[in-house]
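What follows is the content of final26.cif (mmCIF, C-alpha atoms and all ligand atoms).
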```cif
data_query
#
loop_
_atom_site.label_atom_id
_atom_site.label_comp_id
_atom_site.auth_asym_id
_atom_site.auth_seq_id
_atom_site.Cartn_x
_atom_site.Cartn_y
_atom_site.Cartn_z
CA MET A 14 0.00 0.00 0.00
CA LYS A 15 2.75 2.34 1.04
CA GLN A 16 4.58 1.45 -2.12
CA ILE A 17 1.54 2.24 -4.27
CA LEU A 18 1.00 5.60 -2.53
CA LEU A 19 4.61 6.48 -3.13
CA SER A 20 4.34 5.63 -6.81
CA VAL A 21 1.19 7.72 -7.14
CA CYS A 22 2.98 10.60 -5.48
CA VAL A 23 6.00 10.28 -7.77
CA ALA A 24 3.72 10.16 -10.79
CA LEU A 25 1.77 13.22 -9.60
CA CYS A 26 4.89 15.13 -8.76
CA LEU A 27 6.35 14.37 -12.15
CA ALA A 28 3.10 15.46 -13.81
CA THR A 29 3.24 18.80 -11.95
CA LEU A 30 6.86 19.21 -12.92
CA ALA A 31 6.08 18.40 -16.53
CA ALA A 32 3.36 21.06 -16.51
CA ALA A 33 5.78 23.58 -15.05
CA GLN A 34 8.52 22.81 -17.54
CA ALA A 35 8.86 25.70 -19.98
CA ARG A 36 8.85 24.77 -23.65
CA PRO A 37 10.50 26.53 -26.55
CA PHE A 38 7.44 27.07 -28.76
CA PRO A 39 3.98 28.46 -28.01
CA GLY A 40 1.14 25.94 -28.39
CA PRO A 41 -1.87 26.28 -30.69
CA ASP A 42 -3.68 28.09 -27.86
CA VAL A 43 -1.51 31.22 -28.13
CA GLN A 44 -3.97 33.19 -30.27
CA GLN A 45 -6.85 32.38 -27.92
CA ILE A 46 -4.84 33.45 -24.90
CA TYR A 47 -3.92 36.68 -26.69
CA GLN A 48 -7.58 37.39 -27.50
CA ARG A 49 -8.46 36.78 -23.86
CA LEU A 50 -5.68 38.96 -22.46
CA LEU A 51 -5.95 41.98 -24.76
CA PRO A 52 -9.33 43.32 -23.55
CA GLN A 53 -8.16 42.92 -19.94
CA ILE A 54 -4.93 44.76 -20.69
CA GLU A 55 -6.85 47.57 -22.42
CA LYS A 56 -8.82 48.03 -19.18
CA ILE A 57 -5.70 48.70 -17.10
CA PRO A 58 -5.35 52.47 -16.49
CA ALA A 59 -1.81 53.32 -17.60
CA PHE A 60 0.89 55.66 -16.35
CA ASP A 61 2.78 57.03 -19.37
CA HIS A 62 6.34 57.46 -18.11
CA HIS A 63 7.67 59.46 -21.07
CA ALA A 64 5.75 61.79 -23.39
CA HIS A 65 5.81 65.26 -24.94
CA PRO A 66 2.17 66.38 -24.86
CA GLY A 67 1.24 69.69 -26.42
CA PHE A 68 0.14 71.40 -29.61
CA SER A 69 2.41 71.61 -32.66
CA ASP A 70 2.74 75.40 -32.43
CA ASP A 71 3.92 75.23 -28.80
CA PRO A 72 7.73 75.74 -28.70
CA ASP A 73 7.97 74.36 -25.14
CA VAL A 74 6.97 70.79 -26.08
CA ASP A 75 10.69 69.89 -25.98
CA ALA A 76 13.97 71.61 -25.06
CA MET A 77 15.32 70.78 -28.50
CA ALA A 78 14.00 70.46 -32.04
CA ALA A 79 14.35 68.00 -34.88
CA PRO A 80 17.12 69.06 -37.26
CA PRO A 81 15.80 69.86 -40.74
CA ASP A 82 15.74 67.03 -43.29
CA ALA A 83 16.60 64.33 -40.72
CA SER A 84 16.08 60.71 -41.82
CA ALA A 85 13.35 58.95 -39.87
CA PRO A 86 12.79 55.18 -39.50
CA LEU A 87 9.86 53.97 -41.64
CA ARG A 88 7.19 53.66 -38.97
CA THR A 89 7.88 57.06 -37.39
CA ARG A 90 7.24 59.02 -40.59
CA ASP A 91 4.09 61.11 -40.72
CA ASP A 92 2.83 59.12 -43.74
CA ASN A 93 2.46 55.97 -41.60
CA PRO A 94 -1.08 54.77 -42.47
CA GLU A 95 -1.59 53.60 -38.87
CA LEU A 96 -1.91 57.28 -37.97
CA ILE A 97 -5.05 57.47 -40.11
CA THR A 98 -6.50 54.68 -37.98
CA ALA A 99 -5.67 56.85 -34.96
CA THR A 100 -7.65 59.77 -36.40
CA LYS A 101 -10.63 57.48 -37.00
CA VAL A 102 -10.60 56.08 -33.46
CA LEU A 103 -10.04 59.43 -31.75
CA PHE A 104 -11.95 61.83 -33.98
CA GLY A 105 -14.17 59.77 -36.30
CA TYR A 106 -12.13 60.87 -39.33
CA PRO A 107 -14.20 59.83 -42.36
CA TYR A 108 -11.46 59.59 -45.03
CA GLY A 109 -8.83 57.00 -45.95
CA ASP A 110 -6.04 59.44 -46.74
CA LEU A 111 -4.64 62.73 -45.50
CA SER A 112 -4.82 64.78 -48.69
CA LEU A 113 -4.67 68.54 -48.18
CA GLU A 114 -8.42 68.86 -48.66
CA HIS A 115 -9.26 65.99 -46.27
CA ALA A 116 -6.74 67.11 -43.65
CA LYS A 117 -8.71 70.35 -43.31
CA TRP A 118 -11.60 68.30 -41.88
CA LEU A 119 -9.32 66.98 -39.15
CA VAL A 120 -7.87 70.39 -38.27
CA ALA A 121 -11.40 71.84 -38.04
CA LYS A 122 -12.62 68.90 -35.94
CA LYS A 123 -9.80 69.37 -33.44
CA ALA A 124 -10.46 73.12 -33.26
CA GLU A 125 -14.12 72.41 -32.52
CA LEU A 126 -13.22 69.93 -29.76
CA LYS A 127 -10.77 72.42 -28.24
CA LYS A 128 -13.65 74.86 -27.90
CA GLN A 129 -15.91 72.21 -26.42
CA TYR A 130 -13.20 70.96 -24.03
CA SER A 131 -11.58 74.24 -23.10
CA GLY A 132 -8.19 74.60 -21.38
CA PRO A 133 -6.90 71.46 -19.67
CA ALA A 134 -10.10 69.52 -20.45
CA TYR A 135 -8.94 68.81 -24.02
CA PHE A 136 -5.86 66.71 -23.26
CA ASN A 137 -7.61 65.14 -20.24
CA MET A 138 -10.27 63.95 -22.68
CA ILE A 139 -7.56 62.46 -24.94
CA LEU A 140 -6.04 60.59 -21.96
CA ASP A 141 -9.48 59.30 -20.99
CA LYS A 142 -10.04 57.92 -24.50
CA LEU A 143 -6.74 56.03 -24.30
CA ASN A 144 -7.24 54.86 -20.72
CA ILE A 145 -4.09 56.68 -19.60
CA GLU A 146 -4.52 57.83 -16.03
CA SER A 147 -1.50 60.15 -16.02
CA SER A 148 1.20 61.04 -18.50
CA VAL A 149 4.60 62.55 -17.82
CA ALA A 150 5.01 65.86 -19.66
CA ASN A 151 8.70 66.00 -20.54
CA ARG A 152 8.71 69.61 -21.68
CA ALA A 153 10.93 72.69 -21.57
CA MET A 154 8.26 74.43 -19.50
CA MET A 155 4.77 73.40 -18.48
CA ALA A 156 1.74 74.68 -20.40
CA ASP A 157 -1.35 76.11 -18.76
CA TYR A 158 -3.50 73.93 -21.04
CA LEU A 159 -2.20 70.75 -19.36
CA ASP A 160 -3.70 69.61 -16.06
CA SER A 161 -0.71 69.24 -13.71
CA ARG A 162 -2.54 66.56 -11.68
CA ARG A 163 -2.58 64.28 -14.72
CA PHE A 164 0.53 65.58 -16.49
CA PRO A 165 3.44 65.62 -14.02
CA TRP A 166 6.34 67.69 -15.34
CA VAL A 167 9.81 66.33 -16.12
CA PHE A 168 12.17 69.22 -16.88
CA PHE A 169 15.48 69.30 -18.76
CA SER A 170 18.82 69.58 -16.99
CA ASP A 171 21.40 69.39 -19.82
CA SER A 172 21.81 73.11 -20.37
CA PHE A 173 23.85 73.58 -17.16
CA MET A 174 26.65 71.74 -18.97
CA TRP A 175 26.94 74.39 -21.74
CA PRO A 176 27.54 77.70 -19.94
CA PHE A 177 30.63 78.82 -21.89
CA ASN A 178 31.27 80.07 -25.41
CA ASN A 179 29.78 77.33 -27.61
CA GLU A 180 31.21 78.31 -31.01
CA ARG A 181 33.14 75.08 -31.40
CA GLU A 182 30.28 72.95 -30.04
CA THR A 183 27.73 74.51 -32.42
CA ALA A 184 29.98 74.15 -35.47
CA ARG A 185 30.60 70.40 -35.02
CA ASN A 186 27.84 69.37 -37.45
CA PRO A 187 24.50 70.68 -38.75
CA ASP A 188 22.51 68.89 -35.99
CA GLU A 189 24.54 70.54 -33.22
CA GLY A 190 23.95 73.81 -35.06
CA VAL A 191 20.27 73.34 -34.13
CA PHE A 192 20.69 71.68 -30.71
CA ILE A 193 23.34 73.77 -28.94
CA PRO A 194 21.72 77.21 -29.39
CA LEU A 195 18.56 75.70 -27.87
CA GLN A 196 20.60 74.62 -24.84
CA GLU A 197 21.91 78.17 -24.52
CA LYS A 198 18.33 79.40 -24.64
CA MET A 199 17.28 76.91 -21.96
CA LEU A 200 20.12 77.96 -19.64
CA HIS A 201 19.16 81.58 -20.17
CA ARG A 202 15.58 80.78 -19.15
CA TRP A 203 16.75 79.10 -15.94
CA MET A 204 18.88 82.18 -15.21
CA GLN A 205 15.89 84.45 -15.75
CA GLN A 206 13.80 82.24 -13.48
CA GLU A 207 16.36 82.71 -10.69
CA ASN A 208 17.08 86.40 -11.41
CA VAL A 209 20.67 85.67 -12.36
CA SER A 210 21.77 88.18 -15.01
CA LYS A 211 25.18 86.72 -15.86
CA LEU A 212 27.29 83.66 -15.05
CA PRO A 213 28.49 83.88 -11.43
CA ALA A 214 32.22 84.49 -11.07
CA LYS A 215 32.82 81.45 -8.86
CA LEU A 216 32.02 77.79 -9.46
CA SER A 217 30.51 77.47 -5.97
CA ASP A 218 27.93 80.14 -6.88
CA TYR A 219 27.22 78.47 -10.21
CA LEU A 220 26.56 75.15 -8.44
CA GLU A 221 24.34 76.90 -5.94
CA PHE A 222 22.37 78.42 -8.84
CA ILE A 223 21.93 74.93 -10.37
CA THR A 224 20.58 73.55 -7.10
CA ARG A 225 18.18 76.47 -6.78
CA VAL A 226 16.75 75.69 -10.23
CA LEU A 227 16.28 72.02 -9.25
CA VAL A 228 14.56 72.92 -5.99
CA ASP A 229 12.34 75.57 -7.57
CA ASN A 230 11.36 73.27 -10.43
CA GLN A 231 10.48 70.62 -7.87
CA LYS A 232 8.28 73.18 -6.08
CA LYS A 233 6.60 73.95 -9.42
CA GLY A 234 5.64 70.28 -9.66
CA GLY A 235 8.68 68.78 -11.39
CA ILE A 236 8.95 65.07 -10.52
CA ALA A 237 12.26 64.32 -12.28
CA MET A 238 15.08 65.84 -14.30
CA LYS A 239 15.84 64.68 -17.81
CA PHE A 240 19.09 64.49 -19.74
CA GLU A 241 19.28 64.21 -23.50
CA VAL A 242 23.04 64.65 -23.35
CA ALA A 243 23.56 61.77 -25.80
CA TYR A 244 22.50 64.14 -28.57
CA PHE A 245 25.20 66.67 -27.78
CA ARG A 246 28.36 64.75 -26.83
CA PRO A 247 29.64 61.24 -26.00
CA THR A 248 28.17 59.69 -22.86
CA THR A 249 31.45 58.52 -21.36
CA PHE A 250 31.98 60.60 -18.23
CA SER A 251 35.36 61.07 -16.59
CA ASP A 252 35.61 61.76 -12.87
CA PRO A 253 37.32 65.15 -12.45
CA THR A 254 38.20 66.75 -9.13
CA ARG A 255 36.52 69.88 -7.82
CA GLN A 256 39.81 71.75 -8.37
CA GLN A 257 39.89 70.78 -12.07
CA ALA A 258 36.33 72.02 -12.54
CA GLU A 259 37.09 75.23 -10.64
CA ASP A 260 40.16 75.99 -12.78
CA ILE A 261 38.23 75.49 -16.03
CA TYR A 262 35.33 77.58 -14.75
CA GLN A 263 37.64 80.44 -13.74
CA GLN A 264 39.26 80.45 -17.17
CA ASN A 265 36.06 80.43 -19.21
CA ALA A 266 33.15 81.91 -17.26
CA SER A 267 33.87 85.42 -18.49
CA GLY A 268 34.59 84.55 -22.13
CA GLY A 269 36.93 82.70 -24.50
CA VAL A 270 36.41 79.37 -26.24
CA PRO A 271 37.39 76.44 -24.01
CA SER A 272 39.35 73.58 -25.57
CA GLU A 273 37.20 70.55 -26.31
CA LYS A 274 39.02 68.58 -23.63
CA ASP A 275 38.50 71.22 -20.94
CA TYR A 276 34.84 71.71 -21.84
CA ARG A 277 34.18 67.95 -21.60
CA THR A 278 35.99 67.71 -18.27
CA PHE A 279 33.89 70.55 -16.90
CA GLN A 280 30.69 68.95 -18.23
CA ASP A 281 31.64 65.62 -16.63
CA TYR A 282 31.87 67.38 -13.28
CA ILE A 283 28.49 69.13 -13.72
CA PHE A 284 26.79 65.91 -14.84
CA ARG A 285 28.02 64.12 -11.71
CA TYR A 286 26.98 67.07 -9.55
CA LEU A 287 23.45 66.95 -11.01
CA ILE A 288 22.92 63.22 -10.53
CA GLN A 289 24.24 63.45 -6.96
CA GLU A 290 21.77 66.27 -6.28
CA GLY A 291 19.04 64.09 -7.82
CA GLY A 292 19.69 61.58 -5.05
CA ARG A 293 19.81 64.16 -2.28
CA LEU A 294 16.62 65.94 -3.42
CA HIS A 295 14.64 62.76 -4.27
CA LEU A 296 14.48 63.90 -7.86
CA PRO A 297 14.84 60.86 -10.15
CA VAL A 298 17.11 61.23 -13.17
CA HIS A 299 15.76 60.37 -16.63
CA ILE A 300 18.39 59.81 -19.32
CA HIS A 301 17.77 59.51 -23.07
CA SER A 302 19.55 56.22 -23.75
CA ALA A 303 18.59 55.14 -27.27
CA VAL A 304 19.54 56.10 -30.78
CA GLY A 305 18.19 59.59 -31.45
CA ILE A 306 16.80 61.67 -34.27
CA GLY A 307 19.14 63.47 -36.65
CA ASP A 308 21.58 61.97 -39.14
CA TYR A 309 24.61 62.79 -36.98
CA PHE A 310 23.51 60.99 -33.81
CA ASN A 311 26.61 58.94 -32.90
CA LEU A 312 25.40 55.62 -31.56
CA SER A 313 28.80 54.14 -30.72
CA GLN A 314 29.82 57.22 -28.71
CA SER A 315 26.46 57.67 -27.01
CA ASN A 316 25.08 54.18 -26.49
CA ILE A 317 23.60 53.20 -23.15
CA MET A 318 26.42 50.87 -22.14
CA ASN A 319 28.74 53.88 -21.85
CA LEU A 320 26.70 54.81 -18.77
CA GLU A 321 27.38 51.52 -17.01
CA SER A 322 30.27 52.87 -14.90
CA VAL A 323 28.05 55.71 -13.63
CA LEU A 324 24.98 53.53 -13.01
CA ARG A 325 26.96 50.89 -11.11
CA ASP A 326 28.87 53.46 -9.04
CA PRO A 327 27.88 53.03 -5.36
CA ARG A 328 28.26 56.79 -4.84
CA TYR A 329 25.00 57.26 -6.77
CA ARG A 330 23.08 54.51 -4.98
CA SER A 331 20.50 56.95 -3.66
CA THR A 332 19.76 58.40 -7.12
CA LEU A 333 16.93 56.75 -9.04
CA PHE A 334 17.74 56.44 -12.75
CA VAL A 335 15.23 55.86 -15.55
CA MET A 336 16.77 54.79 -18.83
CA ILE A 337 14.44 56.46 -21.30
CA HIS A 338 13.89 54.37 -24.47
CA GLY A 339 15.60 51.35 -22.87
CA GLY A 340 18.91 51.74 -24.70
CA TYR A 341 17.39 50.79 -28.06
CA PRO A 342 18.76 49.16 -30.23
CA LEU A 343 20.88 47.70 -27.40
CA GLU A 344 17.87 46.92 -25.20
CA ARG A 345 18.87 43.28 -24.69
CA GLU A 346 22.15 44.30 -23.07
CA ALA A 347 20.57 47.29 -21.37
CA ILE A 348 18.00 45.30 -19.35
CA PHE A 349 20.86 43.91 -17.26
CA LEU A 350 21.61 47.42 -15.99
CA ALA A 351 18.28 47.11 -14.16
CA ALA A 352 19.98 44.63 -11.84
CA MET A 353 20.95 47.79 -9.94
CA LYS A 354 18.16 48.44 -7.42
CA ASN A 355 18.06 52.12 -8.40
CA VAL A 356 17.93 51.65 -12.20
CA TYR A 357 14.68 51.38 -14.17
CA MET A 358 14.02 50.91 -17.89
CA ASP A 359 11.44 52.80 -19.96
CA SER A 360 10.18 51.26 -23.20
CA SER A 361 9.01 54.41 -24.98
CA GLU A 362 10.13 55.05 -28.58
CA MET A 363 10.90 51.33 -29.05
CA GLU A 364 7.18 50.69 -29.51
CA LEU A 365 7.07 53.41 -32.21
CA ILE A 366 10.20 52.50 -34.18
CA GLN A 367 9.44 48.77 -34.03
CA TYR A 368 6.23 47.24 -35.30
CA PRO A 369 4.35 45.19 -32.67
CA SER A 370 5.78 41.90 -33.99
CA ALA A 371 9.31 43.03 -33.10
CA PHE A 372 8.38 45.04 -29.99
CA LYS A 373 6.64 41.93 -28.63
CA ASP A 374 10.00 40.13 -28.62
CA THR A 375 11.68 43.09 -26.90
CA LEU A 376 9.05 43.20 -24.17
CA LYS A 377 9.11 39.43 -23.73
CA ASN A 378 12.85 39.53 -23.17
CA TRP A 379 12.44 42.30 -20.59
CA LEU A 380 9.48 40.60 -18.87
CA GLU A 381 11.57 37.43 -18.57
CA THR A 382 14.49 39.31 -17.01
CA PHE A 383 13.48 42.13 -14.63
CA PRO A 384 9.67 42.52 -14.92
CA ASP A 385 9.60 44.66 -11.77
CA LYS A 386 11.94 47.27 -13.28
CA ILE A 387 10.30 48.08 -16.63
CA THR A 388 7.89 50.91 -17.36
CA PHE A 389 5.59 51.96 -20.19
CA GLY A 390 5.87 55.23 -22.13
CA THR A 391 4.55 56.52 -25.45
CA ASP A 392 7.09 59.25 -26.33
CA CYS A 393 4.17 61.03 -27.99
CA PHE A 394 5.06 64.21 -29.84
CA PRO A 395 3.07 66.53 -32.10
CA TYR A 396 4.12 65.56 -35.64
CA ASN A 397 2.65 68.60 -37.37
CA GLU A 398 -0.46 70.78 -37.54
CA VAL A 399 -2.60 67.91 -38.84
CA LEU A 400 -1.23 64.91 -36.95
CA GLY A 401 -0.65 65.84 -33.35
CA ALA A 402 0.38 64.42 -30.00
CA GLU A 403 -3.12 62.89 -29.91
CA GLU A 404 -2.47 60.43 -32.76
CA SER A 405 1.02 59.81 -31.46
CA TYR A 406 -0.39 58.95 -27.99
CA TRP A 407 -2.76 56.49 -29.63
CA LEU A 408 -0.02 54.76 -31.64
CA GLY A 409 2.24 54.43 -28.59
CA ALA A 410 -0.47 53.20 -26.23
CA GLU A 411 -2.07 50.78 -28.72
CA SER A 412 1.27 49.35 -29.87
CA SER A 413 2.39 48.79 -26.29
CA ARG A 414 -0.82 47.10 -25.17
CA ILE A 415 -0.91 44.84 -28.25
CA ALA A 416 2.74 43.83 -27.91
CA LEU A 417 2.30 43.28 -24.16
CA ALA A 418 -0.70 40.99 -24.68
CA ALA A 419 1.22 39.06 -27.36
CA ALA A 420 4.39 38.70 -25.26
CA LEU A 421 2.43 37.50 -22.22
CA ALA A 422 0.30 35.13 -24.33
CA GLU A 423 3.48 33.45 -25.59
CA MET A 424 4.88 33.23 -22.07
CA ILE A 425 1.68 31.58 -20.81
CA SER A 426 1.48 29.21 -23.77
CA GLU A 427 5.14 28.28 -23.33
CA ASN A 428 4.49 27.35 -19.67
CA GLU A 429 6.60 30.16 -18.27
CA ILE A 430 3.88 31.87 -16.19
CA THR A 431 0.23 31.50 -15.26
CA GLU A 432 -2.46 33.77 -16.62
CA ALA A 433 -2.94 35.37 -13.19
CA ARG A 434 0.76 36.17 -12.99
CA ALA A 435 0.64 37.59 -16.53
CA LEU A 436 -1.99 40.11 -15.47
CA GLU A 437 0.09 41.12 -12.47
CA LEU A 438 3.04 41.73 -14.80
CA ALA A 439 0.81 43.76 -17.13
CA HIS A 440 -0.28 46.02 -14.25
CA ALA A 441 3.32 46.39 -13.13
CA TYR A 442 4.61 47.40 -16.56
CA LEU A 443 1.72 49.67 -17.55
CA HIS A 444 1.33 51.44 -14.22
CA ASP A 445 2.63 50.19 -10.87
CA ASN A 446 6.41 50.02 -11.43
CA ALA A 447 6.64 53.66 -12.50
CA VAL A 448 4.19 55.02 -9.94
CA LYS A 449 6.05 53.38 -7.04
CA LEU A 450 9.22 55.23 -8.05
CA TYR A 451 7.77 58.62 -7.12
CA GLU A 452 6.76 57.80 -3.54
CA GLY A 453 3.17 59.01 -3.81
CA ARG A 454 3.82 62.11 -5.93
CA VAL A 455 2.04 60.63 -8.97
CA HIS A 456 -0.83 58.20 -9.47
ZN ZN A 501 11.07 61.83 -25.78
#
```
Mind converting the file's structure to structure tokens?
Amino acid sequence: MKQILLSVCVALCLATLAAAQARPFPGPDVQQIYQRLLPQIEKIPAFDHHAHPGFSDDPDVDAMAAPPDASAPLRTRDDNPELITATKVLFGYPYGDLSLEHAKWLVAKKAELKKQYSGPAYFNMILDKLNIESSVANRAMMADYLDSRRFPWVFFSDSFMWPFNNERETARNPDEGVFIPLQEKMLHRWMQQENVSKLPAKLSDYLEFITRVLVDNQKKGGIAMKFEVAYFRPTTFSDPTRQQAEDIYQQNASGGVPSEKDYRTFQDYIFRYLIQEGGRLHLPVHIHSAVGIGDYFNLSQSNIMNLESVLRDPRYRSTLFVMIHGGYPLEREAIFLAAMKNVYMDSSEMELIQYPSAFKDTLKNWLETFPDKITFGTDCFPYNEVLGAEESYWLGAESSRIALAAALAEMISENEITEARALELAHAYLHDNAVKLYEGRVH
């Protein structure tokens, strides 16, 4: 009898084990699971961790601008037919193309809705349609037509690194010719905000000015600072002493063109000062970490893995880092940076450049590695007067939800996780992981 019981137990245990054994291909049930998951995933209110909401004529949507005539990956061009689907879903657009004549209908429709939903009500209505509870507004300055309770502000902190004569920096290539003057403008705006009329004579006063901007922006509702430094210079940061930074500041604060080496050394010091302050002030640090727009974006000099020595430096343990755009196209390497307790990955932009079939594989890889460290973002941006942040929000949100349902369906069908666990992971990615980061300041 005992023997029989034991055999039954062994058989049962083996059966359980067999059921738990992951397999390398999804079964024939994968489509059904996907169909079951998708409507549940669409019901999860999302937190959009990276976006640029605003109207196309608003210069504060970003702290920089696209260089003219820049090449864009296929899916991110404004002739992507998926954007017409967006106009149908959001605005009931009745046409199948965006000819000049037809586009007028869309522009008029949006103008009518803006009247009906005046002020902040318009973009709140767009979020409601997409089931996005809140969306980060990564903007130069906040707009009064965005509801700060649903659009927490992430401001830009790069400009503090370009306080000197930028002739050489601006002349490097046509893209920098657009980007660097905008950084000068941004720094000037921070100086105006703090009633600082010219660069302080001493580095200690300059650092104090930087901290004041951070603190005041935080008081104005800023939840994080954002770097897009990868657009402007390589992302390898040396570790200069205070004395080195002071000497370079003394030499250049009142004029003259610093050597490239000196300027970089000074910037390295300022970058490290900013991320340290981010830890002290509980102001998470967002860093653009993917390939960027513009033909001159240098991926080998600015790829995410260059940041590894900074991210794994115990001195910055108390700073929370969000790797915006997940290091794309190095996202498979990049996910391992999230082993650091203070490093999070954001998937925005990847879901726009990649079609859902490819983005599904990206998300699956991330979900199988550090599912508690990944966050959703749309990277929405107003394309032009006709196609705005609204359509861009739709494309980002829809693509992410579809790819998420597909990735989880494969994981369930391949015996990696249960359906209940899949829904927990969906909540975590779309909302909970990001919200937890801000200790109650967002929802
Ligand atoms: Zn962005």
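The nearest approach to ligand ZN 501 (chain A) among the residues A:Ala78, A:Ile337, A:Leu140, A:Leu343, with all atoms listed in the file taken into account, belongs to A:Ile337.
Shortest separation to A:Arg293 among A:Asn265, A:Thr224, A:Gln257, A:Gly340 occurs at residue A:Thr224, atoms counted being only C-alpha atoms.
Pocket residues of ligand ZN 501 (chain A), taken as those with any atom at most 9 Å away using all atoms listed in the file, are His63, Ala64, His65, Asp75, Asn151, Glu241, His301, Ile337, His338, Ser361, Glu362, Thr391, Asp392, Cys393 and Phe394 of chain A.
Using all atoms listed in the file, the protein and nucleic acid residues lying no more than 8 Å from A:Leu408, apart from those fewer than 2 places from it along its own chain, are Glu95, Leu96, Ala99, Leu365, Thr391, Glu404, Ser405, Tyr406, Ala410, Glu411 and Ser412 of chain A.
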Inset, instruction - Give me the residues within 7 Å of stretch 170-175 of chain A as a list in words, counting only C-alpha atoms and dropping any in the same chain fewer than 5 places off. - result: Gln196, Glu197, Met199, Leu200, Met238, Lys239, Phe240, Glu241, Val242, Gln280 and Ile283 of chain A
